[in-house]
>>> print(open('input-v4.cif').read())   # mmCIF, C-alpha atoms and all ligand atoms
data_final
loop_
_atom_site.label_atom_id
_atom_site.label_comp_id
_atom_site.auth_asym_id
_atom_site.auth_seq_id
_atom_site.Cartn_x
_atom_site.Cartn_y
_atom_site.Cartn_z
CA MET O 1 15.95 -14.47 10.45
CA MET O 2 19.50 -13.19 10.16
CA SER O 3 21.43 -13.48 13.35
CA ALA O 4 21.81 -10.15 15.08
CA ASN O 5 25.51 -9.67 14.40
CA ALA O 6 25.45 -10.80 10.78
CA PHE O 7 25.86 -8.04 8.25
CA PRO O 8 22.84 -8.53 6.02
CA LEU O 9 23.71 -7.69 2.43
CA PHE O 10 20.37 -8.87 1.21
CA PRO O 11 17.10 -8.95 3.14
CA GLU O 12 15.44 -12.23 3.93
CA ALA O 13 12.58 -13.24 1.60
CA ALA O 14 9.60 -13.75 3.89
CA SER O 15 6.53 -13.11 1.75
CA THR O 16 4.95 -14.77 -1.26
CA MET O 17 5.90 -11.82 -3.47
CA ALA O 18 9.46 -11.54 -2.18
CA ALA O 19 10.87 -14.30 -4.39
CA GLN O 20 9.07 -12.85 -7.43
CA VAL O 21 10.64 -9.44 -6.79
CA ASP O 22 14.04 -11.04 -6.28
CA TYR O 23 13.88 -12.96 -9.58
CA PHE O 24 13.14 -9.72 -11.38
CA TYR O 25 15.88 -7.91 -9.50
CA PHE O 26 18.41 -10.64 -10.32
CA PHE O 27 17.34 -10.52 -13.95
CA LEU O 28 18.02 -6.74 -14.04
CA ILE O 29 21.41 -7.30 -12.41
CA ALA O 30 22.23 -10.09 -14.87
CA VAL O 31 21.29 -7.95 -17.88
CA SER O 32 23.32 -5.03 -16.50
CA LEU O 33 26.32 -7.26 -15.78
CA PHE O 34 26.14 -8.78 -19.26
CA PHE O 35 26.29 -5.37 -20.89
CA ILE O 36 28.92 -4.03 -18.50
CA ILE O 37 31.16 -6.98 -19.29
CA ILE O 38 30.55 -6.96 -23.04
CA ILE O 39 30.96 -3.17 -23.40
CA SER O 40 33.94 -2.68 -21.10
CA GLY O 41 35.54 -5.87 -22.42
CA MET O 42 35.31 -4.65 -26.02
CA LEU O 43 36.42 -1.16 -25.00
CA ILE O 44 39.57 -2.48 -23.41
CA GLY O 45 40.18 -5.24 -25.99
CA PHE O 46 39.77 -2.93 -28.98
CA SER O 47 41.93 -0.20 -27.40
CA VAL O 48 44.73 -2.68 -27.24
CA LYS O 49 44.12 -4.44 -30.54
CA TYR O 50 43.61 -1.31 -32.67
CA ARG O 51 46.02 1.02 -30.92
CA ARG O 52 48.13 3.33 -32.99
CA ARG O 53 51.29 1.63 -34.18
CA PRO O 54 54.19 2.69 -36.43
CA GLY O 55 53.09 2.23 -40.03
CA ASN O 56 49.42 2.03 -39.06
CA THR O 57 48.48 5.44 -37.72
CA VAL O 58 45.20 6.14 -39.58
CA GLY O 59 42.07 4.10 -38.95
CA HIS O 60 39.83 2.55 -41.61
CA ARG O 61 36.81 4.58 -42.56
CA ILE O 62 33.68 2.61 -41.71
CA HIS O 63 30.41 3.65 -43.33
CA GLY O 64 28.01 1.83 -41.09
CA SER O 65 26.69 -1.70 -40.91
CA THR O 66 22.94 -2.23 -41.34
CA LEU O 67 23.11 -5.66 -39.76
CA LEU O 68 24.88 -4.33 -36.68
CA GLU O 69 22.55 -1.37 -36.32
CA VAL O 70 19.43 -3.52 -36.63
CA ALA O 71 20.85 -5.96 -34.08
CA TRP O 72 21.70 -3.33 -31.49
CA SER O 73 18.27 -1.78 -31.88
CA ILE O 74 16.16 -4.93 -31.82
CA ILE O 75 17.94 -6.77 -29.01
CA PRO O 76 17.75 -3.90 -26.48
CA PHE O 77 14.16 -3.23 -27.56
CA GLY O 78 13.26 -6.84 -26.85
CA LEU O 79 15.05 -6.70 -23.50
CA THR O 80 13.33 -3.51 -22.41
CA MET O 81 9.97 -4.97 -23.41
CA VAL O 82 10.67 -8.02 -21.24
CA ILE O 83 11.55 -5.68 -18.36
CA PHE O 84 8.40 -3.65 -19.01
CA ALA O 85 6.06 -6.65 -19.15
CA TRP O 86 7.64 -8.39 -16.17
CA GLY O 87 7.69 -5.18 -14.10
CA THR O 88 4.07 -4.41 -14.99
CA TRP O 89 3.01 -7.92 -14.03
CA LEU O 90 4.68 -7.48 -10.63
CA PHE O 91 3.19 -4.03 -10.23
CA PHE O 92 -0.33 -5.36 -10.78
CA GLY O 93 0.42 -8.21 -8.39
CA PHE O 94 1.20 -5.64 -5.70
CA ALA O 95 -1.68 -3.37 -6.67
CA ARG O 96 -4.40 -6.00 -6.30
CA PRO O 97 -4.81 -7.43 -2.81
CA PRO O 98 -6.51 -10.85 -2.78
CA ASP O 99 -10.21 -10.68 -1.91
CA ASN O 100 -9.98 -12.68 1.31
CA ALA O 101 -7.25 -10.50 2.81
CA HIS O 102 -7.17 -9.66 6.50
CA GLU O 103 -7.56 -5.87 6.65
CA VAL O 104 -5.42 -3.52 8.67
CA PHE O 105 -5.72 0.26 8.76
CA VAL O 106 -2.45 2.17 8.95
CA VAL O 107 -1.94 5.80 9.91
CA GLY O 108 1.51 7.30 9.65
CA LYS O 109 2.32 10.38 11.68
CA GLN O 110 5.43 12.15 12.88
CA TRP O 111 6.91 9.84 14.07
CA MET O 112 5.07 6.61 14.57
CA TRP O 113 2.95 3.99 12.88
CA LYS O 114 -0.58 3.52 14.22
CA LEU O 115 -2.26 0.34 13.12
CA GLN O 116 -5.69 -1.07 13.71
CA HIS O 117 -7.07 -4.49 12.88
CA MET O 118 -10.67 -4.70 11.69
CA GLU O 119 -11.40 -6.83 14.76
CA GLY O 120 -10.63 -3.70 16.76
CA LYS O 121 -7.16 -4.33 18.12
CA ARG O 122 -4.80 -1.36 17.94
CA GLU O 123 -1.03 -1.32 17.77
CA ILE O 124 1.73 1.26 17.70
CA ASN O 125 4.90 0.53 15.69
CA GLU O 126 4.10 -3.18 15.76
CA LEU O 127 1.99 -5.25 13.45
CA HIS O 128 1.03 -8.78 14.37
CA VAL O 129 -0.16 -10.93 11.50
CA PRO O 130 -0.82 -14.62 10.95
CA VAL O 131 1.51 -16.59 8.71
CA GLY O 132 0.15 -17.71 5.34
CA GLN O 133 -2.68 -15.19 5.28
CA SER O 134 -2.93 -12.22 2.93
CA VAL O 135 -2.92 -8.92 4.80
CA LYS O 136 -4.22 -5.79 3.13
CA LEU O 137 -3.08 -2.43 4.42
CA THR O 138 -5.17 0.69 3.86
CA MET O 139 -2.85 3.54 4.64
CA THR O 140 -2.98 7.28 5.14
CA SER O 141 -1.02 9.97 6.93
CA GLU O 142 -2.00 12.55 9.52
CA ASP O 143 0.67 15.00 8.50
CA VAL O 144 3.40 14.57 5.89
CA LEU O 145 4.54 11.92 3.42
CA HIS O 146 5.75 8.68 4.93
CA SER O 147 6.52 5.33 3.32
CA PHE O 148 5.63 1.93 4.72
CA TYR O 149 8.57 -0.36 4.09
CA VAL O 150 9.06 -3.97 5.13
CA PRO O 151 12.21 -5.15 3.31
CA ALA O 152 11.64 -8.84 4.08
CA PHE O 153 8.26 -8.66 2.31
CA ARG O 154 9.56 -6.43 -0.52
CA VAL O 155 6.71 -4.09 0.32
CA LYS O 156 7.28 -0.34 0.10
CA PHE O 157 4.43 2.06 -0.48
CA ASP O 158 4.04 5.79 0.05
CA VAL O 159 1.68 6.90 2.79
CA LEU O 160 0.12 10.22 1.88
CA PRO O 161 -1.94 12.78 3.76
CA GLY O 162 -5.46 13.16 2.37
CA ARG O 163 -5.37 9.95 0.37
CA TYR O 164 -5.62 6.21 0.81
CA THR O 165 -2.96 3.94 -0.56
CA THR O 166 -3.06 0.18 -0.24
CA ALA O 167 -0.44 -2.50 0.03
CA TRP O 168 -0.64 -6.18 0.79
CA PHE O 169 1.57 -9.09 1.64
CA ASN O 170 1.33 -12.73 2.59
CA ALA O 171 4.04 -13.67 5.08
CA ILE O 172 5.44 -17.18 4.65
CA LYS O 173 7.70 -17.50 7.70
CA PRO O 174 6.93 -16.80 11.36
CA GLY O 175 9.35 -14.32 12.88
CA GLU O 176 9.97 -10.64 13.45
CA TYR O 177 10.73 -8.33 10.56
CA HIS O 178 11.83 -4.73 10.36
CA LEU O 179 9.30 -2.04 9.54
CA PHE O 180 10.78 1.23 8.35
CA CYS O 181 9.59 4.62 7.23
CA ALA O 182 11.30 5.04 3.87
CA GLU O 183 10.44 8.67 3.16
CA PHE O 184 12.24 11.49 4.94
CA CYS O 185 9.55 12.99 7.16
CA GLY O 186 11.32 15.26 9.63
CA THR O 187 13.92 15.16 12.37
CA GLU O 188 12.93 11.81 13.83
CA HIS O 189 12.35 10.04 10.53
CA SER O 190 15.08 7.53 11.32
CA GLY O 191 13.26 6.67 14.56
CA MET O 192 9.99 5.91 12.79
CA ILE O 193 10.62 2.19 12.88
CA GLY O 194 8.83 -0.84 14.15
CA LYS O 195 8.41 -4.51 13.53
CA VAL O 196 6.04 -6.92 11.91
CA VAL O 197 5.49 -10.03 14.00
CA VAL O 198 4.42 -13.02 11.92
CA MET O 199 2.73 -15.66 14.07
CA GLU O 200 1.33 -19.15 13.67
CA PRO O 201 -2.47 -18.88 13.18
CA ALA O 202 -3.28 -20.30 16.63
CA ALA O 203 -0.83 -17.97 18.40
CA TYR O 204 -2.23 -15.11 16.38
CA GLN O 205 -5.79 -15.87 17.46
CA THR O 206 -4.62 -15.93 21.08
CA TRP O 207 -2.87 -12.61 20.60
CA LEU O 208 -5.94 -11.12 18.93
CA ALA O 209 -8.16 -12.19 21.82
CA GLN O 210 -5.96 -10.54 24.45
CA PRO O 211 -7.12 -7.07 25.50
CA ALA O 212 -4.89 -4.40 24.01
CA PRO O 213 -2.71 -2.54 26.48
CA ILE O 214 -3.73 1.09 26.85
CA VAL O 215 -0.96 3.07 25.23
CA PRO O 216 -1.08 6.69 26.40
CA LEU O 217 0.00 8.77 23.46
CA THR O 218 -0.32 12.42 22.76
CA GLY O 219 -2.26 12.89 19.60
CA ALA O 220 -3.93 9.49 19.62
CA THR O 221 -7.20 11.29 20.13
CA SER O 222 -9.74 8.92 18.73
CA ALA O 223 -8.28 5.98 20.65
CA SER O 224 -9.81 7.24 23.87
CA ALA O 225 -13.20 7.81 22.30
CA SER O 226 -13.59 4.49 20.59
CA GLY O 227 -11.30 2.20 22.59
CA ALA O 228 -10.54 -0.99 20.76
CA LEU O 229 -13.95 -1.47 19.21
CA PRO O 230 -14.03 -2.95 15.75
CA PRO O 231 -13.97 0.04 13.38
CA VAL O 232 -17.35 -0.91 11.95
CA VAL O 233 -18.93 -0.65 15.42
CA ALA O 234 -17.17 2.61 16.26
CA GLY O 235 -18.26 3.88 12.83
CA GLU O 236 -21.88 3.06 13.51
CA ALA O 237 -21.75 5.09 16.74
CA LEU O 238 -20.16 7.99 14.87
CA PHE O 239 -22.82 7.77 12.19
CA THR O 240 -25.42 8.60 14.83
CA GLN O 241 -23.23 10.95 16.85
CA LYS O 242 -22.36 13.12 13.84
CA ALA O 243 -26.02 13.04 12.76
CA CYS O 244 -25.25 11.41 9.39
CA ILE O 245 -28.23 9.19 10.12
CA THR O 246 -30.62 12.18 9.97
CA CYS O 247 -30.26 12.62 6.22
CA HIS O 248 -28.82 9.32 4.96
CA GLN O 249 -31.90 7.15 5.24
CA PRO O 250 -32.80 4.28 2.96
CA GLN O 251 -36.32 5.41 2.06
CA SER O 252 -36.80 7.70 -0.92
CA GLY O 253 -37.45 11.32 -0.14
CA ALA O 254 -34.64 11.50 2.40
CA LEU O 255 -32.39 14.54 2.25
CA GLY O 256 -29.30 12.48 1.44
CA PRO O 257 -28.80 9.37 -0.66
CA SER O 258 -29.18 6.01 1.03
CA LEU O 259 -25.83 4.49 1.86
CA VAL O 260 -27.01 0.89 1.79
CA GLY O 261 -25.04 -0.97 -0.82
CA VAL O 262 -23.32 2.18 -2.02
CA ALA O 263 -19.78 1.03 -1.21
CA GLY O 264 -18.18 -0.41 -4.31
CA SER O 265 -21.14 0.47 -6.53
CA ALA O 266 -21.24 2.84 -9.48
CA VAL O 267 -22.72 6.19 -8.42
CA LYS O 268 -24.34 8.60 -10.88
CA LEU O 269 -23.39 12.18 -10.14
CA ALA O 270 -25.38 15.38 -10.65
CA ASN O 271 -22.91 16.46 -13.34
CA GLY O 272 -23.63 13.34 -15.39
CA GLN O 273 -20.43 11.49 -14.51
CA THR O 274 -20.37 8.07 -12.90
CA VAL O 275 -17.86 7.17 -10.22
CA ILE O 276 -17.12 3.99 -8.32
CA ALA O 277 -17.79 4.46 -4.61
CA ASP O 278 -14.42 3.22 -3.34
CA ASP O 279 -12.81 4.23 -0.05
CA ALA O 280 -11.34 7.35 -1.63
CA TYR O 281 -14.75 8.47 -2.93
CA LEU O 282 -16.44 7.87 0.43
CA ARG O 283 -13.68 9.76 2.20
CA GLU O 284 -13.91 12.68 -0.21
CA SER O 285 -17.69 12.79 0.10
CA ILE O 286 -17.41 13.18 3.88
CA LEU O 287 -14.73 15.87 3.74
CA ASN O 288 -15.82 17.69 0.60
CA PRO O 289 -19.49 16.74 0.09
CA THR O 290 -20.20 19.30 -2.63
CA GLY O 291 -17.35 18.01 -4.80
CA LYS O 292 -19.23 14.99 -6.21
CA VAL O 293 -22.94 15.37 -5.57
CA VAL O 294 -25.10 12.33 -6.25
CA ALA O 295 -27.65 12.80 -9.05
CA GLY O 296 -31.06 13.76 -7.70
CA PHE O 297 -29.77 15.37 -4.51
CA GLN O 298 -28.96 18.94 -3.51
CA PRO O 299 -25.47 19.95 -2.35
CA VAL O 300 -26.66 20.59 1.20
CA MET O 301 -24.35 18.38 3.23
CA PRO O 302 -21.91 20.29 5.46
CA THR O 303 -18.24 19.44 5.30
CA PHE O 304 -16.68 17.36 8.05
CA GLN O 305 -13.19 18.63 7.27
CA GLY O 306 -11.28 19.11 10.52
CA GLN O 307 -13.97 17.40 12.60
CA LEU O 308 -12.91 13.80 12.11
CA SER O 309 -9.57 12.15 12.66
CA GLU O 310 -8.20 9.76 10.06
CA GLU O 311 -9.24 6.87 12.33
CA GLN O 312 -12.80 8.18 12.58
CA LEU O 313 -13.00 8.62 8.82
CA MET O 314 -11.89 5.03 8.38
CA GLN O 315 -14.46 3.87 10.95
CA LEU O 316 -17.28 5.67 9.13
CA ILE O 317 -16.13 4.19 5.83
CA GLN O 318 -16.01 0.70 7.33
CA TYR O 319 -19.53 1.19 8.66
CA ILE O 320 -20.79 2.43 5.29
CA LYS O 321 -19.14 -0.58 3.64
CA SER O 322 -20.99 -2.86 6.06
CA LEU O 323 -24.36 -1.51 4.90
CA GLN O 324 -24.97 -4.12 2.25
CA ALA O 325 -28.28 -5.74 3.20
CA PRO O 326 -31.44 -4.61 1.43
CA ALA O 327 -33.31 -2.19 3.69
CA PRO O 328 -36.58 -3.41 5.17
CA PRO O 329 -39.03 -0.58 4.52
CA GLY O 330 -39.52 1.95 7.31
CA GLN O 331 -36.83 0.59 9.60
CA GLY O 332 -34.14 3.18 9.15
CA VAL O 333 -30.71 2.13 8.03
CA ALA O 334 -30.31 -1.58 7.50
CA GLN O 335 -27.40 -3.19 9.20
CA ALA O 336 -25.30 -6.17 8.33
CA LYS O 337 -22.18 -5.74 10.33
CA PRO O 338 -19.33 -8.11 9.81
CA GLY O 339 -17.52 -8.28 13.10
CA ALA O 340 -20.53 -7.12 15.08
CA ASP O 341 -20.47 -10.38 17.02
CA LEU O 342 -17.19 -9.22 18.56
CA ASP O 343 -18.94 -6.23 20.05
CA SER O 344 -19.53 -6.94 23.70
CU1 LIG V 1 7.82 8.85 8.43
CU2 LIG V 1 10.00 8.99 7.53
#
>>> encode(input="input-v4.cif", output="structure tokens")
Amino acid sequence: MMSANAFPLFPEAASTMAAQVDYFYFFLIAVSLFFIIIISGMLIGFSVKYRRRPGNTVGHRIHGSTLLEVAWSIIPFGLTMVIFAWGTWLFFGFARPPDNAHEVFVVGKQWMWKLQHMEGKREINELHVPVGQSVKLTMTSEDVLHSFYVPAFRVKFDVLPGRYTTAWFNAIKPGEYHLFCAEFCGTEHSGMIGKVVVMEPAAYQTWLAQPAPIVPLTGATSASASGALPPVVAGEALFTQKACITCHQPQSGALGPSLVGVAGSAVKLANGQTVIADDAYLRESILNPTGKVVAGFQPVMPTFQGQLSEEQLMQLIQYIKSLQAPAPPGQGVAQAKPGADLDS
């Protein structure tokens, strides 16, 4: 880390992607510098060399140069294509979290970051992660646009109300790193800051096993209801409490489609379209059930808009995603809960 009184011109590179982003950034700077020097150098040099002098007041007429024009079209085209390909490659690198990533759910609200680990631990404005492990963030907002920004990881992604965005990083150095909100979100936007604490794996496991301190916060409604249960366990309770279980049963003839194995699968809709049941689809189907009705079912599900917090929605989605085992006939909803062993 930078010492506290140093003036950091450039953020530390503390994630696997950080160096990749920096190389690209330096390349852009180098290309820009090259053209700034060549263009301003020629501008100044030619102004001096071809300035108006006695006996030489009228310039030559030049009728174009095919060679020159081809060169200054092809070279910049090639350069922009390199920038495009390189930038796209980086973009896809950021867009695809590795499969084995540790998952963290992030809710932005005016003006704080609420985070929850899939093991159940909650944090406010702090994120503890193990070093050398990919961490995937699934993010949404309770109110306005925010942006999750950790300069040392070169990670900056918008956090939007009503939508999930994802980001990921793999921290390479233990330490504490700034977390900022990088989207103006109201009067206390500049105070919407926190830190990411990167720990050695053993220290992280110790931290994870400690009971979370109860943080009394206005607006953290679902925290009281579900404590620090793993989201999948809290989601299972909600599934019964909100009576989802009444209609969403695995056997055929149930009022709603079975949710076993639905997460990540291709779902045929009543209108003939097929959609992939990702987090966004599951979320939409809870809040706006008549929007994308599954083929073979009636649009009879009531909306849960306004009845579930973002945390509860995430818990339900995690529970639905855990329903992957084939259902034994006549036993209700099959359960294969990752993390259920942590439920005590
Ligand atoms: Cu949240 Cu700025």
>>> closest_residue(input="input-v4.cif", among="O:Lys109, O:Lys136, O:Lys173, O:Arg163", to="ligand LIG 1 (chain V)", atoms="only C-alpha atoms and all ligand atoms")
O:Lys109
>>> closest_atom_pairs(input="input-v4.cif", of="chain O", to="ligand LIG 1 (chain V)", cutoff="10 Å", atoms="only C-alpha atoms and all ligand atoms", output="Markdown table")
| residue | atom | partner | partner_atom | distance |
| --- | --- | --- | --- | --- |
| O:Gly108 | CA | V:LIG1 | CU1 | 6.6 |
| O:Lys109 | CA | V:LIG1 | CU1 | 6.6 |
| O:Gln110 | CA | V:LIG1 | CU1 | 6.0 |
| O:Trp111 | CA | V:LIG1 | CU1 | 5.8 |
| O:Met112 | CA | V:LIG1 | CU1 | 7.1 |
| O:Trp113 | CA | V:LIG1 | CU1 | 8.2 |
| O:Ser141 | CA | V:LIG1 | CU1 | 9.0 |
| O:Asp143 | CA | V:LIG1 | CU1 | 9.4 |
| O:Val144 | CA | V:LIG1 | CU1 | 7.7 |
| O:Leu145 | CA | V:LIG1 | CU1 | 6.7 |
| O:His146 | CA | V:LIG1 | CU1 | 4.1 |
| O:Ser147 | CA | V:LIG1 | CU1 | 6.3 |
| O:Phe148 | CA | V:LIG1 | CU1 | 8.2 |
| O:Asp158 | CA | V:LIG1 | CU1 | 9.7 |
| O:Val159 | CA | V:LIG1 | CU1 | 8.6 |
| O:Phe180 | CA | V:LIG1 | CU2 | 7.8 |
| O:Cys181 | CA | V:LIG1 | CU2 | 4.4 |
| O:Ala182 | CA | V:LIG1 | CU2 | 5.5 |
| O:Glu183 | CA | V:LIG1 | CU2 | 4.4 |
| O:Phe184 | CA | V:LIG1 | CU2 | 4.2 |
| O:Cys185 | CA | V:LIG1 | CU2 | 4.0 |
| O:Gly186 | CA | V:LIG1 | CU2 | 6.7 |
| O:Thr187 | CA | V:LIG1 | CU2 | 8.8 |
| O:Glu188 | CA | V:LIG1 | CU2 | 7.5 |
| O:His189 | CA | V:LIG1 | CU2 | 4.0 |
| O:Ser190 | CA | V:LIG1 | CU2 | 6.5 |
| O:Gly191 | CA | V:LIG1 | CU2 | 8.1 |
| O:Met192 | CA | V:LIG1 | CU1 | 5.7 |
| O:Ile193 | CA | V:LIG1 | CU1 | 8.5 |
>>> atom_distance(input="input-v4.cif", atom1="CA of Val106 (chain O)", atom2="CA of Leu316 (chain O)")
15.2 Å
>>> residues_around(input="input-v4.cif", residues="region 25-37 of chain O", least_positions_apart="6", cutoff="12 Å", atoms="all atoms listed in the file", output="list of chain:residue names")
O:Phe10, O:Ala18, O:Ala19, O:Leu43, O:Ile44, O:Gly45, O:Trp72, O:Ile75, O:Pro76, O:Leu79, O:Thr80, O:Val82, O:Ile83, O:Phe84, O:Trp86, O:Gly87, O:Leu90, O:Arg154
>>> closest_residue(input="input-v4.cif", among="O:Phe77, O:Tyr149, O:Trp207, O:Tyr281", to="His117 (chain O)", atoms="all atoms listed in the file")
O:Trp207
>>> axis_aligned_box(input="input-v4.cif", around="region 44-55 of chain O", padding_each_side="3 Å", output="AutoDock Vina command-line options")
--center_x 46.9 --center_y -1.0 --center_z -31.7 --size_x 20.6 --size_y 14.6 --size_z 22.6
>>> closest_residue(input="input-v4.cif", among="O:Gly291, O:Gly256, O:Gly132, O:Pro151", to="Ala243 (chain O)", atoms="only C-alpha atoms")
O:Gly256
>>> closest_residue(input="input-v4.cif", among="O:Ala167, O:Phe304, O:His178, O:Phe297", to="Lys268 (chain O)", atoms="only C-alpha atoms")
O:Phe297
>>> atom_distance(input="input-v4.cif", atom1="CA of Glu236 (chain O)", atom2="CA of Leu259 (chain O)")
12.4 Å
>>> closest_residue(input="input-v4.cif", among="O:Thr16, O:Gln210, O:Ser265, O:Asn100", to="Ala228 (chain O)", atoms="all atoms listed in the file")
O:Gln210
>>> atom_distance(input="input-v4.cif", atom1="CA of Pro98 (chain O)", atom2="CA of Met17 (chain O)")
12.5 Å
>>> closest_residue(input="input-v4.cif", among="O:Gln205, O:Asn170, O:Ser285, O:Gln312", to="Ala14 (chain O)", atoms="only C-alpha atoms")
O:Asn170
>>> residues_near_point(input="input-v4.cif", point="(-8.5, 4.1, 5.0)", cutoff="10 Å", atoms="all atoms listed in the file", output="PDB file with C-alpha atoms, keeping the file's coordinate frame")
ATOM      1  CA  VAL O 104      -5.420  -3.520   8.670  1.00  0.00           C
ATOM      2  CA  PHE O 105      -5.720   0.260   8.760  1.00  0.00           C
ATOM      3  CA  VAL O 106      -2.450   2.170   8.950  1.00  0.00           C
ATOM      4  CA  VAL O 107      -1.940   5.800   9.910  1.00  0.00           C
ATOM      5  CA  LEU O 137      -3.080  -2.430   4.420  1.00  0.00           C
ATOM      6  CA  THR O 138      -5.170   0.690   3.860  1.00  0.00           C
ATOM      7  CA  MET O 139      -2.850   3.540   4.640  1.00  0.00           C
ATOM      8  CA  THR O 140      -2.980   7.280   5.140  1.00  0.00           C
ATOM      9  CA  SER O 141      -1.020   9.970   6.930  1.00  0.00           C
ATOM     10  CA  GLY O 162      -5.460  13.160   2.370  1.00  0.00           C
ATOM     11  CA  ARG O 163      -5.370   9.950   0.370  1.00  0.00           C
ATOM     12  CA  TYR O 164      -5.620   6.210   0.810  1.00  0.00           C
ATOM     13  CA  THR O 165      -2.960   3.940  -0.560  1.00  0.00           C
ATOM     14  CA  THR O 166      -3.060   0.180  -0.240  1.00  0.00           C
ATOM     15  CA  ASP O 279     -12.810   4.230  -0.050  1.00  0.00           C
ATOM     16  CA  ALA O 280     -11.340   7.350  -1.630  1.00  0.00           C
ATOM     17  CA  LEU O 282     -16.440   7.870   0.430  1.00  0.00           C
ATOM     18  CA  ARG O 283     -13.680   9.760   2.200  1.00  0.00           C
ATOM     19  CA  GLU O 310      -8.200   9.760  10.060  1.00  0.00           C
ATOM     20  CA  GLU O 311      -9.240   6.870  12.330  1.00  0.00           C
ATOM     21  CA  GLN O 312     -12.800   8.180  12.580  1.00  0.00           C
ATOM     22  CA  LEU O 313     -13.000   8.620   8.820  1.00  0.00           C
ATOM     23  CA  MET O 314     -11.890   5.030   8.380  1.00  0.00           C
ATOM     24  CA  GLN O 315     -14.460   3.870  10.950  1.00  0.00           C
ATOM     25  CA  LEU O 316     -17.280   5.670   9.130  1.00  0.00           C
ATOM     26  CA  ILE O 317     -16.130   4.190   5.830  1.00  0.00           C
ATOM     27  CA  GLN O 318     -16.010   0.700   7.330  1.00  0.00           C
TER      28      GLN O 318
END
>>> residues_around(input="input-v4.cif", residues="Gly175 (chain O)", least_positions_apart="2", cutoff="7 Å", atoms="all atoms listed in the file", output="list of chain:residue names")
O:Lys173, O:Tyr177, O:Val197, O:Val198, O:Met199
>>> residues_around(input="input-v4.cif", residues="Thr206 (chain O)", least_positions_apart="6", cutoff="12 Å", atoms="only C-alpha atoms", output="list of chain:residue names")
O:His128, O:Val129, O:Pro130, O:Met199, O:Glu200, O:Ala212
>>> residues_around(input="input-v4.cif", residues="His248 (chain O)", least_positions_apart="3", cutoff="8 Å", atoms="only C-alpha atoms", output="MDAnalysis selection string")
chainID O and resid 244:245 254:259
>>> write_last_selection(input="input-v4.cif", atoms="C-alpha atoms", output="PDB file, in the coordinates of the input")
ATOM      1  CA  CYS O 244     -25.250  11.410   9.390  1.00  0.00           C
ATOM      2  CA  ILE O 245     -28.230   9.190  10.120  1.00  0.00           C
ATOM      3  CA  ALA O 254     -34.640  11.500   2.400  1.00  0.00           C
ATOM      4  CA  LEU O 255     -32.390  14.540   2.250  1.00  0.00           C
ATOM      5  CA  GLY O 256     -29.300  12.480   1.440  1.00  0.00           C
ATOM      6  CA  PRO O 257     -28.800   9.370  -0.660  1.00  0.00           C
ATOM      7  CA  SER O 258     -29.180   6.010   1.030  1.00  0.00           C
ATOM      8  CA  LEU O 259     -25.830   4.490   1.860  1.00  0.00           C
TER       9      LEU O 259
END
>>> decode(input="input-v4.cif", residues="region 33-58 of chain O", atoms="C-alpha atoms", output="PDB file, in the first residue's frame")
ATOM      1  CA  LEU O  33       1.994  10.780 -26.970  1.00  0.00           C
ATOM      2  CA  PHE O  34       3.427   9.541 -30.263  1.00  0.00           C
ATOM      3  CA  PHE O  35       0.831  11.462 -32.254  1.00  0.00           C
ATOM      4  CA  ILE O  36       1.010  14.549 -30.047  1.00  0.00           C
ATOM      5  CA  ILE O  37       4.766  14.705 -30.552  1.00  0.00           C
ATOM      6  CA  ILE O  38       4.706  13.952 -34.271  1.00  0.00           C
ATOM      7  CA  ILE O  39       1.843  16.371 -35.031  1.00  0.00           C
ATOM      8  CA  SER O  40       2.920  19.273 -32.831  1.00  0.00           C
ATOM      9  CA  GLY O  41       6.554  18.731 -33.834  1.00  0.00           C
ATOM     10  CA  MET O  42       5.710  18.966 -37.531  1.00  0.00           C
ATOM     11  CA  LEU O  43       3.384  21.904 -36.904  1.00  0.00           C
ATOM     12  CA  ILE O  44       6.111  23.885 -35.222  1.00  0.00           C
ATOM     13  CA  GLY O  45       8.924  22.671 -37.502  1.00  0.00           C
ATOM     14  CA  PHE O  46       7.037  23.415 -40.719  1.00  0.00           C
ATOM     15  CA  SER O  47       5.874  26.825 -39.459  1.00  0.00           C
ATOM     16  CA  VAL O  48       9.474  27.775 -39.070  1.00  0.00           C
ATOM     17  CA  LYS O  49      10.843  26.066 -42.158  1.00  0.00           C
ATOM     18  CA  TYR O  50       8.157  27.240 -44.597  1.00  0.00           C
ATOM     19  CA  ARG O  51       7.445  30.651 -43.132  1.00  0.00           C
ATOM     20  CA  ARG O  52       6.899  33.543 -45.463  1.00  0.00           C
ATOM     21  CA  ARG O  53      10.166  35.132 -46.500  1.00  0.00           C
ATOM     22  CA  PRO O  54      11.099  37.958 -48.890  1.00  0.00           C
ATOM     23  CA  GLY O  55      11.152  36.551 -52.411  1.00  0.00           C
ATOM     24  CA  ASN O  56       9.180  33.469 -51.375  1.00  0.00           C
ATOM     25  CA  THR O  57       5.731  34.683 -50.392  1.00  0.00           C
ATOM     26  CA  VAL O  58       3.465  32.231 -52.276  1.00  0.00           C
TER      27      VAL O  58
END
